[in-house]
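Novice: Enclosed is the structure file data29.txt (compact mmCIF, C-alpha atoms).
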# COMPACT_ATOMS: atom_id res chain seq x y z
CA MET A 1 -6.72 -21.82 3.26
CA ILE A 2 -8.35 -18.88 1.54
CA PHE A 3 -7.70 -15.24 2.41
CA HIS A 4 -9.78 -12.13 1.86
CA ILE A 5 -8.53 -8.59 1.99
CA SER A 6 -10.87 -5.65 2.43
CA SER A 7 -9.55 -2.17 1.86
CA ARG A 8 -12.40 -0.48 3.66
CA THR A 9 -11.60 -1.37 7.24
CA GLY A 10 -8.58 0.72 8.17
CA VAL A 11 -6.97 -2.51 9.36
CA PRO A 12 -3.59 -2.98 7.65
CA PRO A 13 -3.66 -5.94 5.21
CA TYR A 14 -0.99 -7.85 7.16
CA LEU A 15 -3.15 -7.69 10.30
CA GLN A 16 -6.16 -8.89 8.32
CA ILE A 17 -4.19 -12.01 7.39
CA VAL A 18 -3.08 -12.47 11.01
CA HIS A 19 -6.70 -12.20 12.20
CA GLN A 20 -7.96 -14.60 9.53
CA VAL A 21 -5.42 -17.30 10.34
CA LYS A 22 -6.14 -17.01 14.08
CA GLN A 23 -9.87 -17.07 13.42
CA ASP A 24 -9.56 -20.20 11.26
CA ILE A 25 -7.53 -21.88 14.00
CA ARG A 26 -10.16 -20.95 16.61
CA LEU A 27 -12.95 -22.21 14.39
CA GLY A 28 -11.07 -25.44 13.80
CA LEU A 29 -10.89 -24.84 10.02
CA VAL A 30 -7.14 -25.44 10.26
CA LYS A 31 -5.52 -27.66 12.86
CA GLY A 32 -2.11 -28.18 14.36
CA GLY A 33 0.23 -29.62 11.74
CA ASP A 34 -1.70 -28.17 8.77
CA LYS A 35 0.39 -26.43 6.15
CA LEU A 36 -0.25 -22.77 5.36
CA PRO A 37 -0.07 -21.66 1.71
CA ALA A 38 3.36 -20.51 0.56
CA VAL A 39 3.90 -16.77 0.21
CA ARG A 40 3.81 -16.99 -3.57
CA GLU A 41 0.48 -18.85 -3.50
CA VAL A 42 -1.07 -16.15 -1.32
CA VAL A 43 0.34 -13.45 -3.61
CA THR A 44 -1.25 -15.11 -6.64
CA MET A 45 -4.52 -15.79 -4.83
CA ILE A 46 -5.30 -12.26 -3.65
CA ALA A 47 -2.90 -9.97 -5.56
CA ILE A 48 -1.04 -8.81 -2.51
CA ASN A 49 2.46 -7.60 -1.76
CA PRO A 50 4.69 -10.53 -0.72
CA ASN A 51 6.25 -8.43 2.06
CA THR A 52 2.78 -8.15 3.59
CA VAL A 53 2.38 -11.93 3.69
CA VAL A 54 5.88 -12.38 5.10
CA LYS A 55 5.12 -9.78 7.77
CA ALA A 56 1.85 -11.51 8.70
CA TYR A 57 3.50 -14.94 8.93
CA ARG A 58 6.32 -13.50 11.04
CA GLU A 59 3.78 -11.96 13.41
CA LEU A 60 1.89 -15.28 13.70
CA GLU A 61 5.19 -17.06 14.34
CA ASN A 62 6.08 -14.61 17.11
CA GLN A 63 2.69 -15.21 18.68
CA GLY A 64 3.26 -18.96 18.58
CA PHE A 65 0.45 -19.84 16.17
CA ILE A 66 2.62 -21.10 13.33
CA GLU A 67 6.14 -22.38 12.82
CA LYS A 68 8.50 -22.42 9.87
CA ARG A 69 10.23 -25.62 8.91
CA ALA A 70 13.22 -24.87 6.73
CA GLY A 71 12.75 -26.03 3.17
CA ILE A 72 9.30 -27.53 3.76
CA GLY A 73 6.96 -24.66 4.55
CA THR A 74 4.95 -22.99 7.28
CA PHE A 75 2.74 -25.03 9.58
CA VAL A 76 0.15 -24.42 12.27
CA THR A 77 1.72 -25.31 15.64
CA LYS A 78 0.45 -28.43 17.37
CA GLN A 79 -0.95 -26.66 20.38
CA PRO A 80 -2.20 -23.24 19.40
CA ALA A 81 -1.64 -20.72 22.16
CA GLY A 82 -4.75 -19.34 23.80
CA PRO A 83 -7.26 -19.95 26.54
CA SER A 84 -8.85 -23.36 26.92
CA PRO A 85 -12.45 -23.96 25.80
CA ASP A 86 -13.54 -24.00 29.48
CA VAL A 87 -12.13 -20.54 30.14
CA GLN A 88 -13.70 -19.25 26.91
CA SER A 89 -17.14 -20.60 27.73
CA ALA A 90 -16.98 -19.15 31.27
CA LEU A 91 -16.16 -15.75 29.77
CA LEU A 92 -18.99 -16.14 27.27
CA ASP A 93 -21.44 -16.84 30.11
CA LYS A 94 -20.42 -13.62 31.86
CA LEU A 95 -20.78 -11.69 28.62
CA GLU A 96 -24.26 -13.08 28.06
CA VAL A 97 -25.32 -11.90 31.53
CA TRP A 98 -23.98 -8.47 30.65
CA MET A 99 -25.80 -8.56 27.28
CA GLU A 100 -29.06 -9.25 29.09
CA GLU A 101 -28.47 -6.20 31.31
CA ALA A 102 -27.72 -4.08 28.25
CA LYS A 103 -30.88 -5.32 26.54
CA ASN A 104 -32.97 -4.50 29.64
CA ALA A 105 -31.45 -1.03 29.60
CA ASP A 106 -32.74 -0.61 26.00
CA LEU A 107 -29.33 -0.58 24.34
CA ASP A 108 -29.51 -1.65 20.72
CA GLU A 109 -26.84 -3.71 18.96
CA GLU A 110 -24.95 -0.68 17.71
CA ALA A 111 -24.80 0.84 21.19
CA VAL A 112 -23.53 -2.46 22.55
CA GLU A 113 -20.85 -2.62 19.87
CA ALA A 114 -19.80 0.97 20.58
CA LEU A 115 -19.44 0.21 24.29
CA PHE A 116 -17.52 -2.96 23.53
CA HIS A 117 -15.07 -1.15 21.27
CA THR A 118 -14.63 1.68 23.78
CA ALA A 119 -13.88 -0.82 26.56
CA GLN A 120 -11.44 -2.61 24.27
CA ARG A 121 -9.71 0.65 23.40
CA ASN A 122 -9.52 1.70 27.06
CA LYS A 123 -8.04 -1.66 27.93
CA ARG A 124 -5.46 -1.28 25.21
CA GLY A 125 -4.62 2.15 26.65
CA ASP A 126 -4.08 0.58 30.10
CA GLN A 127 -1.66 -1.95 28.73
CA ARG A 128 0.45 0.69 27.10
CA GLY A 129 1.32 2.17 30.47
CA THR A 130 0.54 5.41 32.16
CA ASP A 131 1.79 7.88 29.57
CA GLY A 132 -1.10 7.09 27.24
CA LYS A 133 -3.69 8.46 29.62
CA LYS A 134 -4.27 11.76 31.27
CA MET B 1 21.50 22.62 -11.10
CA GLU B 2 21.24 18.94 -10.42
CA GLN B 3 23.54 17.65 -7.73
CA THR B 4 24.55 14.17 -6.83
CA VAL B 5 23.23 13.21 -3.49
CA LYS B 6 24.79 10.63 -1.28
CA SER B 7 22.22 7.87 -1.22
CA LYS B 8 22.43 4.80 0.92
CA ALA B 9 22.92 1.47 -0.80
CA SER B 10 19.61 0.37 0.70
CA GLU B 11 17.76 3.07 -1.25
CA ALA B 12 16.59 2.68 -4.84
CA VAL B 13 15.55 6.31 -5.11
CA HIS B 14 16.48 9.31 -3.05
CA THR B 15 15.53 12.93 -3.72
CA ARG B 16 15.84 16.11 -1.71
CA GLY B 17 14.10 19.37 -2.56
CA LEU B 18 13.63 18.12 -6.11
CA GLY B 19 11.78 20.46 -8.44
CA LYS B 20 10.80 20.81 -12.09
CA CYS B 21 9.54 24.00 -13.63
CA TYR B 22 8.20 24.71 -17.09
CA GLY B 23 8.65 28.45 -17.70
CA SER B 24 7.35 29.97 -14.49
CA PHE B 25 5.14 26.99 -13.60
CA TRP B 26 6.45 24.54 -11.03
CA ALA B 27 5.07 21.11 -11.92
CA LEU B 28 6.96 19.67 -8.99
CA LYS B 29 8.61 21.47 -6.12
CA ASP B 30 10.40 20.59 -2.93
CA CYS B 31 9.96 16.86 -3.43
CA THR B 32 11.86 14.86 -0.83
CA ILE B 33 11.42 11.11 -0.94
CA SER B 34 13.26 7.97 -0.05
CA VAL B 35 12.36 4.62 -1.59
CA PRO B 36 13.95 1.54 -0.02
CA ARG B 37 15.10 -1.27 -2.30
CA GLY B 38 12.64 -4.12 -2.59
CA SER B 39 9.64 -1.99 -1.67
CA VAL B 40 6.50 -1.39 -3.70
CA THR B 41 5.53 2.27 -3.47
CA ALA B 42 2.26 3.88 -4.49
CA LEU B 43 2.53 7.37 -5.90
CA VAL B 44 -0.79 9.12 -5.43
CA GLY B 45 -2.17 12.63 -5.79
CA PRO B 46 -4.70 14.63 -7.81
CA ASN B 47 -4.24 15.28 -11.53
CA GLY B 48 -1.49 17.80 -12.06
CA ALA B 49 0.17 16.99 -8.73
CA GLY B 50 3.46 16.21 -10.46
CA LYS B 51 3.32 12.40 -10.48
CA THR B 52 4.27 11.98 -14.13
CA SER B 53 6.85 14.76 -13.82
CA LEU B 54 8.50 12.89 -10.96
CA LEU B 55 8.51 9.56 -12.83
CA LYS B 56 10.01 11.25 -15.90
CA LEU B 57 12.74 12.80 -13.75
CA LEU B 58 13.56 9.36 -12.38
CA VAL B 59 14.02 7.83 -15.84
CA GLY B 60 15.91 10.84 -17.15
CA LEU B 61 13.20 11.87 -19.63
CA ASN B 62 13.20 15.24 -17.87
CA SER B 63 16.01 17.17 -16.25
CA SER B 64 15.40 18.74 -12.88
CA SER B 65 15.26 22.48 -12.18
CA ALA B 66 16.16 22.28 -8.51
CA GLY B 67 17.25 19.89 -5.80
CA GLU B 68 19.00 16.57 -5.65
CA ILE B 69 18.19 13.21 -7.14
CA ALA B 70 19.76 9.75 -7.08
CA VAL B 71 18.36 6.68 -8.84
CA LEU B 72 20.04 3.34 -8.08
CA GLY B 73 22.95 5.41 -6.78
CA GLN B 74 23.36 7.38 -10.03
CA THR B 75 22.48 10.90 -11.12
CA PRO B 76 20.10 10.72 -14.11
CA SER B 77 21.45 13.82 -15.90
CA GLU B 78 25.06 12.59 -15.71
CA THR B 79 24.77 9.05 -16.94
CA THR B 80 22.54 6.66 -18.82
CA ASN B 81 24.24 3.57 -17.36
CA TYR B 82 21.49 2.90 -14.90
CA LEU B 83 18.75 2.92 -17.55
CA SER B 84 19.35 -0.73 -18.41
CA SER B 85 18.29 -1.50 -14.84
CA ILE B 86 15.03 0.44 -15.12
CA GLY B 87 11.71 -0.76 -16.48
CA TYR B 88 9.28 2.02 -17.36
CA LEU B 89 5.70 1.57 -18.48
CA ALA B 90 4.19 4.84 -19.61
CA GLN B 91 0.55 5.71 -19.08
CA GLU B 92 -0.55 4.99 -22.66
CA ILE B 93 1.23 1.57 -22.78
CA PRO B 94 3.30 2.23 -25.90
CA LEU B 95 3.12 -0.85 -28.14
CA TYR B 96 3.07 -1.25 -31.92
CA ASN B 97 -0.49 -2.27 -32.79
CA GLN B 98 0.56 -4.07 -35.99
CA PHE B 99 3.13 -6.23 -34.19
CA THR B 100 2.45 -9.37 -32.19
CA ALA B 101 3.70 -9.90 -28.64
CA LEU B 102 6.45 -12.20 -29.99
CA GLU B 103 7.57 -9.52 -32.45
CA HIS B 104 7.74 -7.02 -29.60
CA PHE B 105 9.89 -9.46 -27.65
CA ALA B 106 12.19 -9.88 -30.67
CA ILE B 107 12.77 -6.11 -30.67
CA GLY B 108 13.49 -6.22 -26.95
CA LYS B 109 15.95 -9.07 -27.41
CA HIS B 110 17.94 -7.01 -29.93
CA MET B 111 17.95 -3.88 -27.81
CA ASP B 112 18.64 -5.30 -24.39
CA THR B 113 21.61 -7.40 -23.31
CA ASN B 114 19.83 -8.50 -20.16
CA TRP B 115 16.68 -9.62 -21.97
CA ASN B 116 15.03 -12.81 -20.70
CA ASN B 117 12.79 -13.94 -23.55
CA GLU B 118 11.77 -17.20 -21.91
CA LEU B 119 10.44 -15.34 -18.90
CA ALA B 120 8.34 -12.97 -21.02
CA VAL B 121 6.89 -15.81 -23.14
CA LYS B 122 6.13 -17.94 -20.09
CA ARG B 123 4.44 -15.04 -18.35
CA LEU B 124 2.01 -14.48 -21.24
CA GLN B 125 1.41 -18.21 -21.76
CA GLU B 126 0.39 -18.56 -18.14
CA LEU B 127 -2.15 -15.80 -18.70
CA ARG B 128 -3.29 -17.47 -21.96
CA ILE B 129 -2.55 -14.35 -23.98
CA PRO B 130 -2.07 -15.21 -27.67
CA LEU B 131 1.55 -14.54 -28.58
CA ASP B 132 0.97 -14.46 -32.34
CA ARG B 133 -1.93 -12.02 -32.49
CA ARG B 134 -1.39 -8.36 -33.31
CA VAL B 135 -1.48 -6.47 -30.01
CA GLY B 136 -3.95 -4.02 -31.57
CA LYS B 137 -6.45 -6.91 -31.50
CA LEU B 138 -5.90 -7.68 -27.81
CA SER B 139 -8.05 -6.39 -24.95
CA GLY B 140 -6.88 -3.50 -22.81
CA GLY B 141 -6.02 -5.84 -19.96
CA GLN B 142 -4.02 -8.12 -22.25
CA ARG B 143 -2.12 -5.17 -23.76
CA ALA B 144 -1.24 -3.97 -20.25
CA GLN B 145 0.07 -7.46 -19.47
CA VAL B 146 2.21 -7.43 -22.65
CA GLY B 147 3.57 -4.04 -21.59
CA LEU B 148 4.36 -5.37 -18.11
CA ALA B 149 6.00 -8.51 -19.54
CA MET B 150 8.20 -6.26 -21.74
CA ALA B 151 9.19 -4.09 -18.79
CA LEU B 152 9.99 -7.15 -16.65
CA ALA B 153 11.84 -9.09 -19.37
CA LYS B 154 14.82 -6.75 -19.10
CA ARG B 155 15.06 -7.83 -15.45
CA PRO B 156 15.02 -4.32 -14.00
CA GLN B 157 16.02 -3.37 -10.48
CA LEU B 158 13.55 -0.51 -10.53
CA LEU B 159 10.16 -0.69 -12.23
CA LEU B 160 8.24 2.55 -12.77
CA LEU B 161 4.58 2.30 -13.71
CA ASP B 162 2.53 5.37 -14.64
CA GLU B 163 -1.19 4.71 -14.07
CA PRO B 164 -0.94 1.13 -15.32
CA VAL B 165 -4.41 0.01 -14.30
CA ALA B 166 -6.37 3.20 -14.92
CA ALA B 167 -8.15 1.98 -18.05
CA LEU B 168 -8.73 -1.62 -17.00
CA ASP B 169 -11.88 -3.31 -15.75
CA PRO B 170 -11.80 -4.59 -12.13
CA LEU B 171 -10.93 -8.17 -13.07
CA ALA B 172 -8.15 -7.20 -15.49
CA ARG B 173 -6.89 -4.81 -12.81
CA MET B 174 -6.70 -7.58 -10.22
CA ASP B 175 -4.92 -9.85 -12.75
CA PHE B 176 -2.40 -7.11 -13.51
CA LEU B 177 -1.73 -6.48 -9.81
CA ALA B 178 -1.37 -10.24 -9.20
CA SER B 179 1.22 -10.45 -12.03
CA LEU B 180 3.06 -7.51 -10.54
CA ALA B 181 3.00 -8.97 -7.01
CA GLN B 182 4.26 -12.28 -8.39
CA ALA B 183 7.15 -10.57 -10.14
CA VAL B 184 8.05 -8.84 -6.88
CA THR B 185 7.93 -12.18 -5.06
CA ASP B 186 10.09 -13.93 -7.65
CA ALA B 187 12.68 -11.13 -7.59
CA ASP B 188 13.16 -11.81 -3.87
CA GLY B 189 13.94 -8.27 -2.78
CA GLU B 190 15.86 -7.32 -5.93
CA LEU B 191 12.98 -5.44 -7.56
CA THR B 192 11.73 -2.03 -6.43
CA VAL B 193 8.43 -0.74 -7.84
CA ILE B 194 7.00 2.76 -7.93
CA MET B 195 3.47 2.91 -9.30
CA SER B 196 1.25 5.94 -9.73
CA SER B 197 -2.50 5.46 -9.59
CA HIS B 198 -5.81 6.95 -8.55
CA LEU B 199 -7.24 3.63 -7.45
CA LEU B 200 -6.37 3.83 -3.80
CA ALA B 201 -8.12 0.70 -2.62
CA ASP B 202 -6.10 -1.43 -5.06
CA LEU B 203 -2.86 0.14 -3.97
CA GLU B 204 -3.22 -0.73 -0.33
CA ARG B 205 -2.91 -4.43 -0.94
CA VAL B 206 -0.01 -4.36 -3.39
CA CYS B 207 2.01 -1.47 -2.01
CA ASP B 208 3.86 -1.38 1.27
CA ARG B 209 4.71 2.31 1.02
CA VAL B 210 2.89 5.41 -0.15
CA ILE B 211 3.96 8.81 -1.43
CA ILE B 212 1.28 11.49 -1.50
CA LEU B 213 1.95 14.39 -3.86
CA ALA B 214 -0.39 17.36 -3.85
CA ALA B 215 0.03 20.90 -5.13
CA GLY B 216 3.43 19.83 -6.49
CA GLU B 217 4.81 18.97 -3.05
CA THR B 218 5.38 15.80 -1.05
CA GLN B 219 2.74 15.56 1.65
CA LEU B 220 3.71 12.15 2.92
CA CYS B 221 6.27 9.43 2.21
CA ASP B 222 5.85 6.54 4.59
CA ASP B 223 5.18 2.87 5.24
CA VAL B 224 1.47 2.03 4.66
CA ASP B 225 1.08 0.17 7.96
CA HIS B 226 2.59 3.11 9.82
CA VAL B 227 0.30 5.53 7.99
CA LEU B 228 -2.75 3.55 9.09
CA LYS B 229 -1.46 3.39 12.64
CA SER B 230 -0.61 7.07 12.95
CA HIS B 231 -3.67 8.61 11.26
CA LYS B 232 -6.98 8.73 13.11
CA LEU B 233 -10.38 10.30 12.76
CA LEU B 234 -11.38 12.33 15.81
CA VAL B 235 -15.10 12.85 16.33
CA GLY B 236 -16.44 15.20 18.98
CA HIS B 237 -18.91 17.93 19.81
CA SER B 238 -18.38 21.11 17.88
CA GLY B 239 -15.58 23.16 19.29
CA GLU B 240 -11.88 23.72 19.11
CA LEU B 241 -9.65 20.71 18.72
CA PRO B 242 -7.16 20.56 21.52
CA LYS B 243 -3.69 21.59 20.39
CA HIS B 244 -1.08 18.95 21.01
CA GLU B 245 2.56 18.87 20.08
CA GLY B 246 2.24 15.22 19.25
CA MET B 247 -0.58 15.74 16.78
CA SER B 248 -1.05 17.56 13.47
CA VAL B 249 -4.50 18.24 12.06
CA ILE B 250 -4.70 17.27 8.39
CA GLN B 251 -8.32 18.09 7.77
CA GLU B 252 -11.06 19.45 9.97
CA VAL B 253 -14.76 19.56 9.13
CA ARG B 254 -17.14 21.36 11.45
CA SER B 255 -20.90 21.49 11.60
CA SER B 256 -23.00 23.27 14.23
CA THR B 257 -23.11 20.13 16.35
CA ALA B 258 -20.00 18.12 15.62
CA THR B 259 -16.39 18.32 14.58
CA HIS B 260 -14.63 15.66 12.53
CA ALA B 261 -10.89 15.84 12.12
CA ILE B 262 -8.35 13.59 10.48
CA VAL B 263 -5.10 13.92 12.39
CA ARG B 264 -1.62 12.54 12.32
CA LEU B 265 -0.34 11.36 15.68
CA ASN B 266 3.39 11.85 16.00
CA ASN B 267 3.14 10.14 19.34
CA LEU B 268 1.13 6.94 18.82
CA LYS B 269 0.28 6.71 22.51
CA LEU B 270 -1.30 10.15 22.65
CA ALA B 271 -4.78 10.11 24.18
CA ILE B 272 -7.22 12.91 23.40
CA PRO B 273 -9.78 13.07 26.22
CA GLY B 274 -13.35 13.82 25.22
CA TRP B 275 -12.90 12.76 21.58
CA HIS B 276 -13.82 9.52 19.92
CA VAL B 277 -10.87 8.10 18.06
CA ARG B 278 -11.57 5.99 14.98
CA ASP B 279 -9.39 4.12 12.53
CA VAL B 280 -9.26 5.38 8.96
CA ASP B 281 -8.50 3.57 5.72
CA ILE B 282 -5.81 4.66 3.29
CA GLU B 283 -8.34 6.31 0.98
CA GLU B 284 -9.54 8.64 3.74
CA VAL B 285 -5.96 9.59 4.59
CA VAL B 286 -5.11 10.40 0.97
CA LEU B 287 -8.32 12.40 0.47
CA ALA B 288 -7.59 14.39 3.63
CA TYR B 289 -4.13 15.37 2.37
CA MET B 290 -5.51 16.26 -1.05
CA GLY B 291 -8.26 18.37 0.56
CA GLN B 292 -5.72 20.13 2.74
CA SER B 293 -3.54 21.16 -0.17
CA ARG B 294 -6.56 22.34 -2.16
CA ASP B 295 -7.66 24.53 0.76
CA MET B 296 -4.19 25.97 1.11
CA ALA B 297 -4.08 26.80 -2.59
CA ALA B 298 -7.43 28.58 -2.26
CA ASP B 299 -6.08 30.52 0.72
CA GLU B 300 -3.10 31.66 -1.29
CA ARG B 301 -5.37 32.95 -4.00
CA GLY B 302 -7.43 34.76 -1.33
CA GLU B 303 -10.61 32.84 -2.08
CA ARG B 304 -11.42 32.02 1.50
Starting from the coordinates I provided, produce the structure as structure tokens.
Specialist:
Amino acid sequence: MIFHISSRTGVPPYLQIVHQVKQDIRLGLVKGGDKLPAVREVVTMIAINPNTVVKAYRELENQGFIEKRAGIGTFVTKQPAGPSPDVQSALLDKLEVWMEEAKNADLDEEAVEALFHTAQRNKRGDQRGTDGKK
Amino acid sequence: MEQTVKSKASEAVHTRGLGKCYGSFWALKDCTISVPRGSVTALVGPNGAGKTSLLKLLVGLNSSSAGEIAVLGQTPSETTNYLSSIGYLAQEIPLYNQFTALEHFAIGKHMDTNWNNELAVKRLQELRIPLDRRVGKLSGGQRAQVGLAMALAKRPQLLLLDEPVAALDPLARMDFLASLAQAVTDADGELTVIMSSHLLADLERVCDRVIILAAGETQLCDDVDHVLKSHKLLVGHSGELPKHEGMSVIQEVRSSTATHAIVRLNNLKLAIPGWHVRDVDIEEVVLAYMGQSRDMAADERGER
């Protein structure tokens, strides 16, 4: 598994690792039972603080994507948490309908992205409870 | 003037109101920082912000003019005991050009009871740096690696690096940072690093904490992830930013049509209606603090 860290995103490096592992699992690049590189290997590969890697792995463990086996290493869990392919493709269909509407309304890709991120942010605000919103 | 401060065992460095003045010029004033053991801290700020002054105070090369300081639980002006636990690599990487790396190590072995020669040799062999060539004939990146190997061979608890990668090309810089990160990994929480640098993008990946010094004062001393979480760019139509208790404005730029402001949210859940909130990277945060202190200095001189 190969990691990349960009310092221009505003996303903390540990979260970038979390996202990359999850993405690779989704894309099927790593499968249940595969071994993740040891902390020291990641450190050597991308010149990164070991605490950052530890933090990322801990986060992935909490989310159920990976598990530690004492003395052997860190492995991708057999059944990665997350929605089934059916649910995902149903959601994708709905999104494509929406995309068509946006296109008909003359929204360009950037406008679509802006709306998407706003909706995502609003959603995040909802989840935090009522004190986040006025 | 210097007082011992009660520092927690979990802290490698603790200062409160620390200051250093030369004549009537304060190179460093009111510096309050806390550096947890096992962390890697970036020390950033414009030239003349007091970075080198602070590092020199920590290794006892300077004595303080005000405030409190504790390094590995000791007061630098009272004792030199702790120095054997400190590795310090000065900006100019002081090595003897006529000596080889092995000859440098031989000096270290004689001067340091804790010296681990094997470790230093192995480190350079892994990097394929010739041990028997005069260091004056080595590249800048290789010399920096020899300097780092020397500083690490004494197995320090605290490693202080003053602009170690400033003069290196991008590849040598990455190699140096990888060596440093490896050393931190191998020390398993027993090594604390404070590193000053201007290269902010590099720091973000290797450092888990950041100290921003500007105009001789501490602007920020915090965990990098928390800094990224708590600092946001607000973009809106031109007009007054709403005043919130949970928010401090670090830098505000206004044009006739729009206002951009980098703010620190003391309450992470704070919502600011009518403003777009964007994430910022560490470089933007540091530049905002530097800009703020420059503006304040100009105000004091009555230039604005």
Novice: Find, counting all atoms listed in the file, the residue in B:Val253, B:Met111, B:Leu160, B:Ala271 that gets nearest to Ser197 in chain B.
Specialist: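 Smallest separation from Ser197 in chain B among the options: B:Leu160.
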Novice: Just the residues within 7 Å of Asp223 in chain B, please, counting only C-alpha atoms, with nothing from its chain fewer than 4 positions along; format it as a list in words.
Specialist: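 The contact residues come out as Asp208, Arg209, Val210 and Val227 of chain B.
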Novice: Using the selection just defined, write its residues with C-alpha atoms as a PDB file, in the frame of the given file.
Specialist:
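See result02.pdb below for the written result:
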ATOM      1  CA  ASP B 208       3.860  -1.380   1.270  1.00  0.00           C
ATOM      2  CA  ARG B 209       4.710   2.310   1.020  1.00  0.00           C
ATOM      3  CA  VAL B 210       2.890   5.410  -0.150  1.00  0.00           C
ATOM      4  CA  VAL B 227       0.300   5.530   7.990  1.00  0.00           C
TER       5      VAL B 227
END
Novice: Of the residues B:Leu171, B:Ser179, B:Leu138, B:Glu103, which is the one nearest to Glu126 in chain B, using all atoms listed in the file?
Specialist: B:Ser179
Novice: What gap, in Å, lies between CA of Ile211 in chain B and CA of Ala42 in chain B?
Specialist: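 Separation of CA of Ile211 in chain B and CA of Ala42 in chain B: 6.0 Å.
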Novice: Mind giving me the straight-line distance from CA of Val285 in chain B to CA of Thr118 in chain A in Å, one decimal?
Specialist: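 Rounded to one decimal, the two atoms are 22.5 Å apart.
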Novice: Do you know which residues are at most 8 Å from Ala166 in chain B counting all atoms listed in the file, after dropping those on the same chain fewer than 3 positions away, and could you put them as a CSV table (one decimal) with C-alpha atoms, in the coordinates of the input?
Specialist:
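Saved file selection_15.csv follows:
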chain,number,residue,atom,x,y,z
B,163,GLU,CA,-1.2,4.7,-14.1
B,197,SER,CA,-2.5,5.5,-9.6
B,198,HIS,CA,-5.8,7.0,-8.6
B,199,LEU,CA,-7.2,3.6,-7.4
Novice: Which residue is closest to Pro85 in chain A? Choose from A:Arg26, A:Ser6, A:Ile17, A:Val112 and count all atoms listed in the file.
Specialist: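 Among the listed residues, the smallest separation from Pro85 in chain A belongs to A:Arg26.
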Novice: Could the residues of chain B within 7 Å of chain A, counting all atoms listed in the file, be given as a PDB file with C-alpha atoms, in the frame of the given file, please?
Specialist:
ATOM      1  CA  MET B 174      -6.700  -7.580 -10.220  1.00  0.00           C
ATOM      2  CA  LEU B 177      -1.730  -6.480  -9.810  1.00  0.00           C
ATOM      3  CA  ALA B 178      -1.370 -10.240  -9.200  1.00  0.00           C
ATOM      4  CA  ALA B 181       3.000  -8.970  -7.010  1.00  0.00           C
ATOM      5  CA  GLN B 182       4.260 -12.280  -8.390  1.00  0.00           C
ATOM      6  CA  THR B 185       7.930 -12.180  -5.060  1.00  0.00           C
ATOM      7  CA  ALA B 201      -8.120   0.700  -2.620  1.00  0.00           C
ATOM      8  CA  GLU B 204      -3.220  -0.730  -0.330  1.00  0.00           C
ATOM      9  CA  ARG B 205      -2.910  -4.430  -0.940  1.00  0.00           C
ATOM     10  CA  VAL B 206      -0.010  -4.360  -3.390  1.00  0.00           C
ATOM     11  CA  CYS B 207       2.010  -1.470  -2.010  1.00  0.00           C
ATOM     12  CA  ASP B 225       1.080   0.170   7.960  1.00  0.00           C
ATOM     13  CA  LEU B 228      -2.750   3.550   9.090  1.00  0.00           C
ATOM     14  CA  LYS B 269       0.280   6.710  22.510  1.00  0.00           C
ATOM     15  CA  LEU B 270      -1.300  10.150  22.650  1.00  0.00           C
ATOM     16  CA  ALA B 271      -4.780  10.110  24.180  1.00  0.00           C
ATOM     17  CA  ASP B 279      -9.390   4.120  12.530  1.00  0.00           C
ATOM     18  CA  VAL B 280      -9.260   5.380   8.960  1.00  0.00           C
ATOM     19  CA  ASP B 281      -8.500   3.570   5.720  1.00  0.00           C
ATOM     20  CA  ILE B 282      -5.810   4.660   3.290  1.00  0.00           C
TER      21      ILE B 282
END
Novice: If I take CA of His19 in chain A and CA of Asp175 in chain B, how far is one from the other in Å, to one decimal?
Specialist: 25.1 Å
Novice: Would you fill the gaps in range 49-54 of chain A so it has N, CA, C and O atoms, then print it as an mmCIF file, in the coordinates of the input?
Specialist:
data_model
loop_
_atom_site.group_PDB
_atom_site.id
_atom_site.type_symbol
_atom_site.label_atom_id
_atom_site.label_comp_id
_atom_site.auth_asym_id
_atom_site.auth_seq_id
_atom_site.Cartn_x
_atom_site.Cartn_y
_atom_site.Cartn_z
ATOM 1 N N ASN A 49 1.013 -7.752 -1.857
ATOM 2 C CA ASN A 49 2.460 -7.600 -1.760
ATOM 3 C C ASN A 49 3.074 -8.739 -0.931
ATOM 4 O O ASN A 49 2.604 -9.012 0.169
ATOM 5 N N PRO A 50 4.095 -9.414 -1.460
ATOM 6 C CA PRO A 50 4.690 -10.530 -0.720
ATOM 7 C C PRO A 50 5.221 -10.120 0.655
ATOM 8 O O PRO A 50 5.134 -10.893 1.615
ATOM 9 N N ASN A 51 5.738 -8.892 0.764
ATOM 10 C CA ASN A 51 6.250 -8.430 2.060
ATOM 11 C C ASN A 51 5.155 -8.439 3.120
ATOM 12 O O ASN A 51 5.404 -8.673 4.294
ATOM 13 N N THR A 52 3.914 -8.161 2.674
ATOM 14 C CA THR A 52 2.780 -8.150 3.590
ATOM 15 C C THR A 52 2.524 -9.548 4.147
ATOM 16 O O THR A 52 2.265 -9.718 5.338
ATOM 17 N N VAL A 53 2.608 -10.547 3.258
ATOM 18 C CA VAL A 53 2.380 -11.930 3.690
ATOM 19 C C VAL A 53 3.498 -12.367 4.638
ATOM 20 O O VAL A 53 3.247 -12.966 5.687
ATOM 21 N N VAL A 54 4.733 -12.026 4.262
ATOM 22 C CA VAL A 54 5.880 -12.380 5.100
ATOM 23 C C VAL A 54 5.724 -11.764 6.490
ATOM 24 O O VAL A 54 5.931 -12.413 7.514
#
